[in-house]
$ cat entry-v8.cif   # mmCIF, C-alpha atoms and all ligand atoms
data_start
#
loop_
_atom_site.label_atom_id
_atom_site.label_comp_id
_atom_site.auth_asym_id
_atom_site.auth_seq_id
_atom_site.Cartn_x
_atom_site.Cartn_y
_atom_site.Cartn_z
CA MET A 1 57.49 43.03 183.66
CA GLU A 2 60.75 42.42 181.84
CA PHE A 3 61.55 45.80 180.33
CA VAL A 4 59.71 48.36 182.44
CA LEU A 5 60.07 48.88 186.19
CA TYR A 6 57.54 50.77 188.25
CA GLU A 7 57.91 52.04 191.77
CA GLN A 8 55.58 54.23 193.80
CA ARG A 9 57.21 56.48 196.39
CA GLY A 10 54.42 58.25 198.24
CA ALA A 11 52.60 60.41 195.71
CA VAL A 12 55.30 59.99 193.06
CA GLY A 13 55.47 57.11 190.58
CA ILE A 14 58.77 56.26 188.89
CA ILE A 15 58.74 54.42 185.55
CA THR A 16 62.13 53.08 184.42
CA ILE A 17 62.70 51.70 180.94
CA ASN A 18 64.90 48.76 181.75
CA ARG A 19 66.68 47.44 178.68
CA GLU A 20 70.13 48.67 179.51
CA LYS A 21 72.02 46.27 177.21
CA ALA A 22 70.35 47.87 174.20
CA LEU A 23 70.63 51.37 175.69
CA ASN A 24 66.90 51.16 176.52
CA ALA A 25 65.88 51.11 172.86
CA LEU A 26 62.14 50.81 172.33
CA ASN A 27 61.00 47.51 170.83
CA SER A 28 57.40 46.29 170.70
CA ALA A 29 57.69 44.56 174.07
CA VAL A 30 58.90 47.76 175.77
CA LEU A 31 56.04 49.72 174.21
CA ASP A 32 53.49 47.12 175.32
CA GLU A 33 54.85 47.10 178.86
CA LEU A 34 54.88 50.90 179.01
CA ASP A 35 51.25 50.91 177.95
CA LYS A 36 50.33 48.40 180.65
CA THR A 37 52.34 50.28 183.27
CA LEU A 38 50.50 53.52 182.55
CA ASP A 39 47.16 51.72 182.76
CA ALA A 40 48.11 50.36 186.18
CA VAL A 41 49.16 53.68 187.78
CA ASN A 42 47.03 54.37 190.84
CA GLN A 43 45.65 57.77 189.89
CA GLU A 44 44.05 58.28 193.28
CA GLU A 45 47.39 58.15 195.08
CA VAL A 46 49.97 59.19 192.50
CA ARG A 47 50.13 62.87 191.64
CA CYS A 48 53.23 63.05 189.48
CA LEU A 49 55.18 60.54 187.38
CA ILE A 50 58.87 60.41 186.50
CA LEU A 51 60.05 58.59 183.38
CA THR A 52 63.70 57.59 183.16
CA GLY A 53 66.02 54.95 181.68
CA ALA A 54 68.07 52.29 183.46
CA GLY A 55 71.79 52.94 183.92
CA GLN A 56 73.92 56.04 183.53
CA LYS A 57 74.51 56.05 179.80
CA SER A 58 71.19 56.20 178.05
CA PHE A 59 67.65 57.38 178.58
CA VAL A 60 66.36 55.77 175.36
CA ALA A 61 68.58 55.35 172.28
CA GLY A 62 65.60 55.30 169.95
CA ALA A 63 63.24 52.81 168.47
CA ASP A 64 64.81 49.37 168.11
CA ILE A 65 66.65 49.48 164.80
CA GLY A 66 67.10 45.69 164.72
CA GLU A 67 63.35 45.14 165.04
CA MET A 68 62.52 47.87 162.51
CA SER A 69 65.08 46.82 159.89
CA SER A 70 62.97 44.03 158.38
CA LEU A 71 59.50 45.56 158.69
CA THR A 72 57.18 45.71 155.70
CA LYS A 73 55.30 48.96 155.00
CA LYS A 74 52.25 47.55 156.78
CA GLU A 75 54.26 46.37 159.79
CA GLY A 76 56.11 49.71 159.89
CA GLU A 77 52.80 51.53 160.05
CA ALA A 78 51.58 49.21 162.84
CA PHE A 79 54.81 49.75 164.80
CA GLY A 80 54.46 53.52 164.34
CA LYS A 81 50.87 53.37 165.59
CA LYS A 82 51.84 51.30 168.65
CA GLY A 83 54.46 53.91 169.58
CA ASN A 84 52.24 56.87 168.79
CA ASP A 85 49.39 55.46 170.90
CA VAL A 86 51.64 54.98 173.94
CA PHE A 87 53.31 58.38 173.49
CA ARG A 88 49.93 60.07 173.19
CA LYS A 89 48.72 58.24 176.30
CA LEU A 90 51.73 59.67 178.13
CA GLU A 91 51.16 63.15 176.73
CA THR A 92 47.48 63.21 177.71
CA PHE A 93 47.98 61.27 180.94
CA PRO A 94 45.93 63.07 183.61
CA ILE A 95 48.94 63.33 185.93
CA PRO A 96 52.05 65.37 184.96
CA VAL A 97 55.05 63.38 183.75
CA ILE A 98 58.67 64.52 184.20
CA ALA A 99 61.27 63.00 181.87
CA ALA A 100 64.55 62.53 183.76
CA ILE A 101 66.89 62.10 180.79
CA ASN A 102 69.99 60.22 181.87
CA GLY A 103 72.06 60.06 178.68
CA PHE A 104 71.15 59.36 175.05
CA ALA A 105 67.72 60.57 173.96
CA LEU A 106 67.85 59.80 170.26
CA GLY A 107 65.04 59.27 167.76
CA GLY A 108 62.19 57.66 169.66
CA GLY A 109 64.05 58.56 172.88
CA CYS A 110 63.93 62.27 172.12
CA GLU A 111 60.32 61.78 171.01
CA ILE A 112 59.16 60.02 174.16
CA SER A 113 60.78 62.73 176.28
CA MET A 114 58.83 65.32 174.29
CA SER A 115 55.58 63.51 175.14
CA CYS A 116 56.32 64.28 178.79
CA ASP A 117 55.30 67.56 180.41
CA ILE A 118 58.74 68.64 181.64
CA ARG A 119 62.24 67.50 180.66
CA ILE A 120 65.33 67.68 182.83
CA CYS A 121 68.59 65.95 181.95
CA SER A 122 72.03 64.90 183.08
CA GLU A 123 75.19 66.60 181.80
CA ASN A 124 75.98 63.60 179.57
CA ALA A 125 72.61 63.72 177.79
CA VAL A 126 72.57 63.83 173.99
CA PHE A 127 69.45 64.66 172.01
CA GLY A 128 68.71 64.17 168.35
CA GLN A 129 66.45 62.91 165.61
CA PRO A 130 68.88 60.85 163.49
CA GLU A 131 66.14 59.18 161.41
CA VAL A 132 66.88 60.75 158.01
CA GLY A 133 70.33 59.17 158.25
CA LEU A 134 68.55 55.81 158.53
CA GLY A 135 66.31 56.47 155.54
CA ILE A 136 63.15 57.24 157.49
CA THR A 137 61.41 60.26 158.98
CA PRO A 138 60.91 60.66 162.71
CA GLY A 139 57.90 58.40 163.30
CA PHE A 140 56.83 58.88 166.89
CA GLY A 141 55.73 62.50 166.65
CA GLY A 142 59.19 64.11 166.39
CA THR A 143 58.35 66.29 163.40
CA GLN A 144 55.42 67.73 165.33
CA ARG A 145 56.56 67.99 168.94
CA LEU A 146 60.14 69.18 168.36
CA ALA A 147 58.93 72.09 166.21
CA ARG A 148 56.39 73.05 168.87
CA ILE A 149 58.96 72.97 171.68
CA VAL A 150 62.10 74.51 170.15
CA GLY A 151 60.62 76.34 167.15
CA VAL A 152 60.41 75.44 163.49
CA GLY A 153 63.88 76.59 162.40
CA LYS A 154 65.79 74.70 165.09
CA ALA A 155 63.65 71.59 164.64
CA LYS A 156 64.24 71.58 160.88
CA GLU A 157 67.97 72.06 161.35
CA MET A 158 68.13 69.14 163.80
CA ILE A 159 65.88 66.82 161.77
CA TYR A 160 67.16 67.55 158.24
CA GLY A 161 70.77 67.47 159.42
CA ALA A 162 70.29 64.47 161.75
CA ARG A 163 72.34 66.63 164.12
CA ASN A 164 72.69 65.56 167.73
CA ILE A 165 72.95 68.20 170.42
CA LYS A 166 74.41 68.05 173.91
CA ALA A 167 72.76 68.96 177.18
CA ASP A 168 73.97 72.59 177.23
CA GLU A 169 72.50 73.29 173.80
CA ALA A 170 69.28 71.45 174.68
CA TYR A 171 69.02 73.78 177.68
CA ARG A 172 69.79 76.86 175.59
CA ILE A 173 67.05 76.11 173.04
CA GLY A 174 64.46 75.22 175.68
CA LEU A 175 64.28 71.49 175.03
CA VAL A 176 65.11 70.84 178.70
CA ASN A 177 64.32 72.94 181.75
CA ASN A 178 67.52 72.13 183.66
CA VAL A 179 70.77 70.16 183.51
CA TYR A 180 72.28 68.28 186.48
CA PRO A 181 75.33 66.14 187.22
CA ILE A 182 74.13 62.56 186.65
CA GLU A 183 74.02 61.69 190.37
CA GLU A 184 71.81 64.71 191.06
CA LEU A 185 69.31 64.02 188.28
CA MET A 186 66.91 61.66 190.07
CA PRO A 187 66.96 63.61 193.35
CA ALA A 188 66.14 66.75 191.33
CA ALA A 189 63.34 64.94 189.47
CA GLU A 190 61.91 63.64 192.73
CA LYS A 191 62.13 67.08 194.33
CA LEU A 192 60.27 68.66 191.41
CA ALA A 193 57.70 65.85 191.39
CA GLY A 194 57.23 66.35 195.14
CA ILE A 195 56.55 70.06 194.66
CA ILE A 196 53.94 69.31 191.99
CA ALA A 197 52.42 66.51 194.08
CA LYS A 198 51.80 68.90 197.00
CA ASN A 199 49.51 71.14 194.96
CA ALA A 200 45.80 70.62 194.42
CA PRO A 201 45.56 67.59 192.10
CA ILE A 202 42.39 68.61 190.27
CA ALA A 203 43.87 72.05 189.59
CA VAL A 204 47.17 70.55 188.37
CA ARG A 205 45.31 68.07 186.17
CA ASN A 206 43.07 70.77 184.72
CA SER A 207 46.07 73.04 184.10
CA LYS A 208 47.75 70.26 182.11
CA LYS A 209 44.61 69.72 180.06
CA ALA A 210 44.15 73.46 179.48
CA ILE A 211 47.74 73.95 178.32
CA ASN A 212 47.78 70.89 176.06
CA GLU A 213 44.35 71.30 174.52
CA GLY A 214 44.68 75.08 174.27
CA LEU A 215 47.94 74.82 172.33
CA ASP A 216 46.14 72.83 169.63
CA ALA A 217 43.35 75.40 169.33
CA GLY A 218 42.95 79.01 168.20
CA MET A 219 43.00 81.63 171.00
CA ASP A 220 39.20 82.11 171.06
CA GLU A 221 38.63 78.40 171.51
CA ALA A 222 41.61 78.04 173.86
CA ILE A 223 40.26 80.64 176.26
CA VAL A 224 36.95 78.78 176.42
CA ILE A 225 38.82 75.54 177.18
CA GLU A 226 40.54 77.34 180.06
CA GLU A 227 37.27 78.85 181.31
CA LYS A 228 35.63 75.45 181.56
CA LEU A 229 38.57 73.81 183.31
CA PHE A 230 38.85 76.80 185.67
CA GLY A 231 35.13 76.54 186.47
CA ASP A 232 35.49 72.81 187.02
CA CYS A 233 37.76 73.43 190.05
CA PHE A 234 35.04 75.25 191.96
CA GLU A 235 32.92 73.54 194.60
CA SER A 236 35.73 71.02 195.05
CA HIS A 237 37.03 70.36 198.54
CA ASP A 238 40.50 71.42 197.43
CA GLN A 239 39.35 74.79 196.03
CA LYS A 240 37.47 75.55 199.23
CA GLU A 241 40.38 74.46 201.43
CA GLY A 242 43.00 76.33 199.36
CA MET A 243 41.09 79.59 199.49
CA ALA A 244 40.00 79.17 203.13
CA ALA A 245 43.63 78.62 204.14
CA PHE A 246 44.65 81.85 202.40
CA MET A 247 41.88 83.87 204.03
CA GLU A 248 42.51 82.38 207.47
CA LYS A 249 46.27 82.98 207.08
CA ARG A 250 47.13 79.34 207.69
CA LYS A 251 48.70 76.51 205.73
CA VAL A 252 46.55 74.17 203.66
CA GLU A 253 45.67 71.17 205.82
CA ALA A 254 45.51 68.72 202.95
CA PHE A 255 44.46 68.58 199.33
CA LEU A 256 42.28 65.52 199.01
CA ASN A 257 41.91 65.21 195.23
CA LYS A 258 38.20 65.87 195.49
N1 LIG B 1 68.12 49.99 168.51
C1 LIG B 1 68.60 48.78 168.82
N2 LIG B 1 69.74 48.58 169.50
C2 LIG B 1 70.43 49.67 169.87
C3 LIG B 1 69.99 50.99 169.58
C4 LIG B 1 68.77 51.13 168.87
N3 LIG B 1 68.23 52.32 168.58
N4 LIG B 1 70.92 51.85 170.08
C5 LIG B 1 71.86 51.12 170.65
N5 LIG B 1 71.59 49.80 170.54
C6 LIG B 1 72.38 48.67 171.02
C7 LIG B 1 73.60 48.44 170.13
O1 LIG B 1 73.23 47.68 168.99
C8 LIG B 1 74.50 47.70 171.07
O2 LIG B 1 74.08 46.35 171.15
P1 LIG B 1 75.16 45.15 171.11
O3 LIG B 1 75.94 45.33 169.86
O4 LIG B 1 76.00 45.36 172.35
O5 LIG B 1 74.33 43.90 171.16
C9 LIG B 1 74.21 48.33 172.42
O6 LIG B 1 72.94 48.97 172.29
C10 LIG B 1 75.23 49.39 172.80
O7 LIG B 1 75.31 50.32 171.74
P2 LIG B 1 76.70 50.77 171.08
O8 LIG B 1 77.71 49.68 171.18
O9 LIG B 1 76.41 51.32 169.73
O10 LIG B 1 77.14 51.92 172.09
P3 LIG B 1 78.01 53.21 171.76
O11 LIG B 1 78.29 53.85 173.06
O12 LIG B 1 79.15 52.88 170.88
O13 LIG B 1 77.02 54.18 170.91
C11 LIG B 1 74.95 55.31 170.43
C12 LIG B 1 75.88 54.70 171.52
C13 LIG B 1 73.65 55.71 171.10
C14 LIG B 1 75.62 56.54 169.82
C15 LIG B 1 74.73 54.24 169.33
O14 LIG B 1 74.29 53.03 169.96
C16 LIG B 1 73.69 54.66 168.33
O15 LIG B 1 73.94 55.45 167.43
N6 LIG B 1 72.49 54.06 168.46
C17 LIG B 1 71.42 54.30 167.52
C18 LIG B 1 70.83 55.64 167.80
C19 LIG B 1 69.74 55.98 166.80
O16 LIG B 1 69.99 56.11 165.60
N7 LIG B 1 68.56 56.07 167.33
C20 LIG B 1 67.41 56.40 166.51
C21 LIG B 1 66.74 55.15 166.07
S1 LIG B 1 65.56 55.52 164.87
C22 LIG B 1 58.48 54.96 163.00
C23 LIG B 1 58.51 54.66 164.30
C24 LIG B 1 59.58 55.04 165.04
C25 LIG B 1 60.63 55.69 164.52
C26 LIG B 1 60.61 55.99 163.19
C27 LIG B 1 59.54 55.64 162.42
N8 LIG B 1 57.34 54.53 162.21
C28 LIG B 1 57.16 53.14 162.10
C29 LIG B 1 56.45 55.44 161.61
C30 LIG B 1 61.77 55.99 165.33
C31 LIG B 1 63.00 55.78 164.85
C32 LIG B 1 64.16 55.82 165.71
O17 LIG B 1 64.12 56.00 166.89
#
$ encode --input "entry-v8.cif" --output "structure tokens" --more "lines below"
Ligand code: DAK
Amino acid sequence: MEFVLYEQRGAVGIITINREKALNALNSAVLDELDKTLDAVNQEEVRCLILTGAGQKSFVAGADIGEMSSLTKKEGEAFGKKGNDVFRKLETFPIPVIAAINGFALGGGCEISMSCDIRICSENAVFGQPEVGLGITPGFGGTQRLARIVGVGKAKEMIYGARNIKADEAYRIGLVNNVYPIEELMPAAEKLAGIIAKNAPIAVRNSKKAINEGLDAGMDEAIVIEEKLFGDCFESHDQKEGMAAFMEKRKVEAFLNK
């Protein structure tokens, strides 16, 4: 692939958007390659993914403005759908995804990070939805996901004002879970991914599904979603081993994803 690198390190898969000259901006080719990369992840072996950008300046500086500038309404809609489909695939991916945000996360860059389960960033990270300054609305889910993560008031202030925020503010408003010096970002992401990867995969997967699907439902329905995913863990090898290890006061031998 030209614009997306993929590396598997044990149970952790690392996806790197690799278009450093354009600050990793998302054009159609990047979106297509991301889609293919996700389809090719070995879900038997990989238990957590990390998404990052190449270089030390930018995670993703948005959708590709050059490519978008001449789109017709119909083409704009098709481009929006391509992005939305990939972002949704990431959001509903059975395995958790950590965004390791190494610099600019603007427009589509902020949006793709919000399709991930957990965001951590480097001290030089900058977040924002600058679209209204370009004459468009956020188009890859930004109006929806930002409001859900940081609250309606903050999201509206950022989007209407096209106001960028730095890492410390992103941390303060809960957009990222932690901030690291740039050289510590990937080790921290890998450490966190390793912790997640050690836990029972079916339980982690079902927790992700329960949180995501429950958030889109009313509480009565959400509790039923949780009940079913909770029940689904039982009779699995990993549920039996996890509970047996507790009762026998020993460490879990291995979670086998079955
Ligand atoms: N697209 C294309 N190229 C970009 C880019 C982008 N978003 N961001 C940066 N680049 C390119 C620059 O053009 C430059 O290329 P060369 O001139 O060297 O060929 C190279 O990356 C380095 O950028 P700069 O020279 O500008 O670097 P600086 O350090 O001076 O500035 C910056 C860094 C991140 C502040 C600046 O590059 C910048 O403001 N970039 C644009 C950021 C931005 O506005 N991003 C949001 C894009 S809008 C939708 C679908 C999607 C979307 C909306 C609707 N539908 C169809 C429904 C999403 C929209 C967006 O994401």
$ closest_residue --input "entry-v8.cif" --among "A:Asn257, A:Ser122, A:Ser69, A:Ser58" --to "Glu184 in chain A" --atoms "only C-alpha atoms"
A:Ser122
$ closest_residue --input "entry-v8.cif" --among "A:Ile195, A:Ala11, A:Ala105, A:Met243" --to "ligand LIG 1 (chain B)" --atoms "only C-alpha atoms and all ligand atoms"
A:Ala105
$ residues_near_ligand --input "entry-v8.cif" --ligand "ligand LIG 1 (chain B)" --cutoff "6 Å" --atoms "only C-alpha atoms and all ligand atoms" --output "JSON, numbers by chain"
{"A": [21, 22, 23, 25, 61, 62, 63, 64, 65, 66, 76, 77, 79, 80, 104, 106, 107, 108, 130, 131, 138, 139, 140]}
$ atom_distance --input "entry-v8.cif" --atom1 "CA of Glu123 in chain A" --atom2 "CA of Ser28 in chain A"
29.2 Å
$ atom_distance --input "entry-v8.cif" --atom1 "CA of Arg205 in chain A" --atom2 "CA of Pro187 in chain A"
23.2 Å
$ closest_residue --input "entry-v8.cif" --among "A:Leu34, A:Gly133, A:Arg119, A:Gly109" --to "Asp85 in chain A" --atoms "all atoms listed in the file"
A:Leu34
$ closest_residue --input "entry-v8.cif" --among "A:Pro94, A:Pro201, A:Gly128, A:Gly13" --to "Ala170 in chain A" --atoms "all atoms listed in the file"
A:Gly128
$ closest_residue --input "entry-v8.cif" --among "A:Gly53, A:Gly135, A:Gly10, A:Gly174" --to "Lys198 in chain A" --atoms "only C-alpha atoms"
A:Gly10
$ residues_around --input "entry-v8.cif" --residues "Gly214 in chain A" --least-positions-apart "2" --cutoff "12 Å" --atoms "all atoms listed in the file" --output "short mmCIF file (atom, residue, chain, number, x, y, z; two decimals) with C-alpha atoms, in the frame of the given file"
data_model
loop_
_atom_site.label_atom_id
_atom_site.label_comp_id
_atom_site.auth_asym_id
_atom_site.auth_seq_id
_atom_site.Cartn_x
_atom_site.Cartn_y
_atom_site.Cartn_z
CA ASN A 206 43.07 70.77 184.72
CA SER A 207 46.07 73.04 184.10
CA LYS A 208 47.75 70.26 182.11
CA LYS A 209 44.61 69.72 180.06
CA ALA A 210 44.15 73.46 179.48
CA ILE A 211 47.74 73.95 178.32
CA ASN A 212 47.78 70.89 176.06
CA ASP A 216 46.14 72.83 169.63
CA ALA A 217 43.35 75.40 169.33
CA GLY A 218 42.95 79.01 168.20
CA MET A 219 43.00 81.63 171.00
CA ASP A 220 39.20 82.11 171.06
CA GLU A 221 38.63 78.40 171.51
CA ALA A 222 41.61 78.04 173.86
CA ILE A 223 40.26 80.64 176.26
CA VAL A 224 36.95 78.78 176.42
CA ILE A 225 38.82 75.54 177.18
CA GLU A 226 40.54 77.34 180.06
CA GLU A 227 37.27 78.85 181.31
CA LYS A 228 35.63 75.45 181.56
CA LEU A 229 38.57 73.81 183.31
#
$ residues_around --input "entry-v8.cif" --residues "range 38-51 of chain A" --least-positions-apart "3" --cutoff "8 Å" --atoms "all atoms listed in the file" --output "compact mmCIF listing (two decimals) with C-alpha atoms, keeping the file's coordinate frame"
# COMPACT_ATOMS: atom_id res chain seq x y z
CA GLN A 8 55.58 54.23 193.80
CA GLY A 10 54.42 58.25 198.24
CA ALA A 11 52.60 60.41 195.71
CA VAL A 12 55.30 59.99 193.06
CA GLY A 13 55.47 57.11 190.58
CA ILE A 14 58.77 56.26 188.89
CA ILE A 15 58.74 54.42 185.55
CA THR A 16 62.13 53.08 184.42
CA ILE A 17 62.70 51.70 180.94
CA LEU A 34 54.88 50.90 179.01
CA ASP A 35 51.25 50.91 177.95
CA LEU A 90 51.73 59.67 178.13
CA ILE A 95 48.94 63.33 185.93
CA PRO A 96 52.05 65.37 184.96
CA VAL A 97 55.05 63.38 183.75
CA ILE A 98 58.67 64.52 184.20
CA ALA A 99 61.27 63.00 181.87
CA ALA A 100 64.55 62.53 183.76
CA ALA A 189 63.34 64.94 189.47
CA GLU A 190 61.91 63.64 192.73
CA ALA A 193 57.70 65.85 191.39
CA GLY A 194 57.23 66.35 195.14
CA ILE A 196 53.94 69.31 191.99
CA ALA A 197 52.42 66.51 194.08
CA PRO A 201 45.56 67.59 192.10
CA ASN A 257 41.91 65.21 195.23
